[in-house]
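This report refers to the structure that appears directly beneath it.
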Amino acid sequence: DQVAALEGGEGTPGKPKEPEPILTCVQCSAEYKESENAEGSCKYHAGQLKGVGHNFKYSCCNKGGRNYDSARDLPGCTKGKHRSKHHTEYFYAGYYFHMNDLSKKAKQIWLTMNVQDHVTEHTEWAEVGLSDEDKVFILVGSIRNACGAYAEFSSEELKQCKEASFTALQKSDSAGWAIRAEIQATGSVANAITVSIKPASSSTPLVKRVKLDFDDDTPRPGEVECLSDPAPSQPSAPYTIPEPTYEGPVLDPGEDYSKDRKNDYETETINDCPLKVQQHAHTEVSSNTSKNADGKWNNLFSATLKVTNTCQENLAITDVYGEYMNEAG
């Protein structure tokens, strides 16, 4: 029996078999063995935990608690297999808990990036830093509690790179956004992390690089370089504001036009003009009809529009506030 328990075959001396490791599931926090990891053994929340004050609930099942911590510990409502490493194959609440904890508990933040696209009215961000477990992390996403991609590396992994440059993570969408993080190495030791964020309306990305060094087994940041930072396009000649002109229908004094105002403006162009005009998001065209102190009727219309010059590679965008008043006796 003793020989049978040894590796190397019957009657061959060897080492005792190592016990199967106990893993911790990143989705439900339960401990498990991979040999017992059957479908349905993991119960996790497939929605996000939202709330304020004393009311926190999961979007997947509407279950919650009186505070964030108590709701976070509630048993899951979706069944699957245990996973020992975080992933982005499907939505699970534990992923976002981990993302938030990484940023909040980070020992150091080495690099930050924030890119806003005024055309798509969307923002993407990225962070590179050292976690409370002395691991190098890379986070990217649109908002802090909904990270789109994540990667984490130990010192041992960063000292055993198999390629001179490899992709740590990447993220893109149908609108044209593209984010990529790469790790560069000399020999087998990582020496830099480069992050690139390309907004949907530009062909030129913002690119930053942080150099890496090691103090014994602890990664340390070096110089942060900006490799690409596209500047706004500059006009070839100073712009001259034209004389104000009036275009549009004549307003009848005393008529209430508030019910007929247009709030669903679509992007419009005029012939081959490269300027596009559209209603600014989250605003409405306002109107007001009233009498002034002299007893005359005033019809006041105002709106905030977005004017985009599309003939430049780097778009020039201006918010324009317009106002028109018709006064009649």
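By convention here, the chains of the structure tokens are called A, B, ... in the order presented, each chain's residues are numbered starting at 1, and ligands are numbered starting at 1 in the order presented.
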
inquiry  = as a ChimeraX atom specification, please: every residue in segment 20-125 of chain A that a backbone DSSP assignment puts in strand (DSSP E).
reply    = /A:23-24,31-32,42-44,49-52,55-58,64-65,78-80,108-117,122-125

request  = Please provide as a VMD selection string all residues within 10 Å of Tyr58 of chain A, with the sequence filter that same-chain residues fewer than 5 positions apart are discarded (counting only C-alpha atoms).
outcome  = chain A and resid 45 to 51 63 to 65 71 to 72 74 76 to 77 93

Just to be explicit: take each residue in the selection above, keep C-alpha atoms, and write the result as a short mmCIF file (atom, residue, chain, number, x, y, z; two decimals), in the first residue's frame.
data_model
loop_
_atom_site.label_atom_id
_atom_site.label_comp_id
_atom_site.auth_asym_id
_atom_site.auth_seq_id
_atom_site.Cartn_x
_atom_site.Cartn_y
_atom_site.Cartn_z
CA HIS A 45 -24.82 37.52 -9.12
CA ALA A 46 -25.03 38.30 -12.83
CA GLY A 47 -25.97 41.94 -12.24
CA GLN A 48 -24.48 45.03 -10.70
CA LEU A 49 -24.94 46.13 -7.09
CA LYS A 50 -26.45 49.61 -7.02
CA GLY A 51 -27.86 51.88 -4.37
CA LYS A 63 -32.20 41.26 -3.82
CA GLY A 64 -30.31 43.58 -1.51
CA GLY A 65 -29.39 44.75 1.96
CA ALA A 71 -25.66 43.24 0.13
CA ARG A 72 -22.26 42.29 -1.23
CA LEU A 74 -25.71 37.85 -0.35
CA GLY A 76 -25.86 34.56 -5.84
CA CYS A 77 -28.87 34.03 -8.09
CA ALA A 93 -20.61 41.16 -9.69
#

message = If I take atom CA of Gln170 of chain A and atom CA of Lys198 of chain A, how far is one from the other in Å, to one decimal?
response =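 About the pair atom CA of Gln170 of chain A and atom CA of Lys198 of chain A: they are 11.5 Å apart.
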
Tell me, as a PDB file with N, CA and C atoms, in the first residue's frame, which residues lie within 12 Å of Ser172 of chain A, counting only C-alpha atoms; anything in the same chain fewer than 6 positions away does not count.
ATOM      1  N   GLU A 124     -13.261  57.408 -21.951  1.00  0.00           N
ATOM      2  CA  GLU A 124     -12.575  56.187 -21.542  1.00  0.00           C
ATOM      3  C   GLU A 124     -11.368  56.563 -20.690  1.00  0.00           C
ATOM      4  N   VAL A 140      -8.881  49.526 -17.447  1.00  0.00           N
ATOM      5  CA  VAL A 140      -9.430  50.429 -18.447  1.00  0.00           C
ATOM      6  C   VAL A 140     -10.940  50.292 -18.429  1.00  0.00           C
ATOM      7  N   GLY A 141     -11.628  51.365 -18.788  1.00  0.00           N
ATOM      8  CA  GLY A 141     -13.079  51.313 -18.824  1.00  0.00           C
ATOM      9  C   GLY A 141     -13.688  52.667 -19.066  1.00  0.00           C
ATOM     10  N   SER A 142     -15.021  52.715 -19.006  1.00  0.00           N
ATOM     11  CA  SER A 142     -15.741  53.957 -19.258  1.00  0.00           C
ATOM     12  C   SER A 142     -16.134  54.659 -17.965  1.00  0.00           C
ATOM     13  N   GLY A 148     -13.948  47.946 -18.314  1.00  0.00           N
ATOM     14  CA  GLY A 148     -14.126  47.157 -19.503  1.00  0.00           C
ATOM     15  C   GLY A 148     -13.087  46.061 -19.661  1.00  0.00           C
ATOM     16  N   ALA A 149     -11.918  46.247 -19.068  1.00  0.00           N
ATOM     17  CA  ALA A 149     -10.863  45.235 -19.180  1.00  0.00           C
ATOM     18  C   ALA A 149      -9.882  45.410 -18.030  1.00  0.00           C
ATOM     19  N   ALA A 178     -10.783  52.268 -29.322  1.00  0.00           N
ATOM     20  CA  ALA A 178      -9.830  51.152 -29.250  1.00  0.00           C
ATOM     21  C   ALA A 178      -8.811  51.428 -28.149  1.00  0.00           C
ATOM     22  N   ILE A 179      -8.667  50.477 -27.226  1.00  0.00           N
ATOM     23  CA  ILE A 179      -7.724  50.606 -26.112  1.00  0.00           C
ATOM     24  C   ILE A 179      -6.821  49.377 -26.107  1.00  0.00           C
ATOM     25  N   ARG A 180      -5.541  49.612 -25.898  1.00  0.00           N
ATOM     26  CA  ARG A 180      -4.584  48.517 -25.921  1.00  0.00           C
ATOM     27  C   ARG A 180      -3.483  48.790 -24.899  1.00  0.00           C
ATOM     28  N   SER A 196      -2.481  52.674 -24.896  1.00  0.00           N
ATOM     29  CA  SER A 196      -2.959  53.489 -26.016  1.00  0.00           C
ATOM     30  C   SER A 196      -4.478  53.572 -25.971  1.00  0.00           C
ATOM     31  N   ILE A 197      -5.029  54.786 -26.071  1.00  0.00           N
ATOM     32  CA  ILE A 197      -6.480  54.992 -26.114  1.00  0.00           C
ATOM     33  C   ILE A 197      -6.815  55.824 -27.351  1.00  0.00           C
ATOM     34  N   LYS A 198      -7.558  55.225 -28.285  1.00  0.00           N
ATOM     35  CA  LYS A 198      -7.970  55.937 -29.492  1.00  0.00           C
ATOM     36  C   LYS A 198      -9.470  56.207 -29.439  1.00  0.00           C
ATOM     37  N   PRO A 199      -9.889  57.479 -29.395  1.00  0.00           N
ATOM     38  CA  PRO A 199     -11.319  57.780 -29.388  1.00  0.00           C
ATOM     39  C   PRO A 199     -11.968  57.484 -30.725  1.00  0.00           C
ATOM     40  N   ALA A 200     -13.283  57.418 -30.724  1.00  0.00           N
ATOM     41  CA  ALA A 200     -14.013  57.021 -31.918  1.00  0.00           C
ATOM     42  C   ALA A 200     -13.858  58.014 -33.062  1.00  0.00           C
TER      43      ALA A 200
END

If you take only C-alpha atoms and a cut-off of 10 Å, which residues of segment 114-187 of chain A touch segment 209-229 of chain A, and what are their nearest atom pairs and distances in Å to one decimal, in chain and number order, as JSON lines?
{"residue": "A:Val128", "atom": "CA", "partner": "A:Val210", "partner_atom": "CA", "distance": 8.5}
{"residue": "A:Gly129", "atom": "CA", "partner": "A:Pro221", "partner_atom": "CA", "distance": 8.4}
{"residue": "A:Leu130", "atom": "CA", "partner": "A:Pro219", "partner_atom": "CA", "distance": 7.8}
{"residue": "A:Asp134", "atom": "CA", "partner": "A:Thr218", "partner_atom": "CA", "distance": 6.6}
{"residue": "A:Lys135", "atom": "CA", "partner": "A:Pro219", "partner_atom": "CA", "distance": 7.8}
{"residue": "A:Val136", "atom": "CA", "partner": "A:Pro219", "partner_atom": "CA", "distance": 7.3}
{"residue": "A:Ser154", "atom": "CA", "partner": "A:Pro219", "partner_atom": "CA", "distance": 8.7}
{"residue": "A:Ser155", "atom": "CA", "partner": "A:Asp217", "partner_atom": "CA", "distance": 6.0}
{"residue": "A:Glu156", "atom": "CA", "partner": "A:Asp217", "partner_atom": "CA", "distance": 7.8}
{"residue": "A:Leu158", "atom": "CA", "partner": "A:Pro219", "partner_atom": "CA", "distance": 8.7}
{"residue": "A:Lys159", "atom": "CA", "partner": "A:Asp217", "partner_atom": "CA", "distance": 9.3}
{"residue": "A:Ala181", "atom": "CA", "partner": "A:Arg209", "partner_atom": "CA", "distance": 9.5}
{"residue": "A:Glu182", "atom": "CA", "partner": "A:Arg209", "partner_atom": "CA", "distance": 9.3}
{"residue": "A:Ile183", "atom": "CA", "partner": "A:Arg209", "partner_atom": "CA", "distance": 9.5}
{"residue": "A:Gln184", "atom": "CA", "partner": "A:Lys211", "partner_atom": "CA", "distance": 9.2}
{"residue": "A:Ala185", "atom": "CA", "partner": "A:Leu212", "partner_atom": "CA", "distance": 9.4}

task = Any chance you could list, as a list in words, the residues in segment 73-116 of chain A that come up helix (DSSP H, G or I) when DSSP is run on the backbone?
result = Ala93, Gly94, Tyr95, Tyr96, Phe97, His98, Met99, Asn100, Asp101, Leu102, Ser103, Lys104 and Lys105 of chain A

For the residues in the current selection, export C-alpha atoms as a tab-separated table (two decimals), in the first residue's frame.
chain	number	residue	atom	x	y	z
A	93	ALA	CA	-20.61	41.16	-9.69
A	94	GLY	CA	-17.35	39.89	-8.17
A	95	TYR	CA	-15.42	41.28	-11.15
A	96	TYR	CA	-16.51	44.82	-10.39
A	97	PHE	CA	-15.98	44.42	-6.65
A	98	HIS	CA	-12.40	43.44	-7.44
A	99	MET	CA	-11.94	46.36	-9.86
A	100	ASN	CA	-13.14	48.86	-7.26
A	101	ASP	CA	-10.97	47.30	-4.57
A	102	LEU	CA	-7.91	47.44	-6.81
A	103	SER	CA	-8.24	51.17	-7.40
A	104	LYS	CA	-9.24	52.04	-3.83
A	105	LYS	CA	-6.64	49.88	-2.08
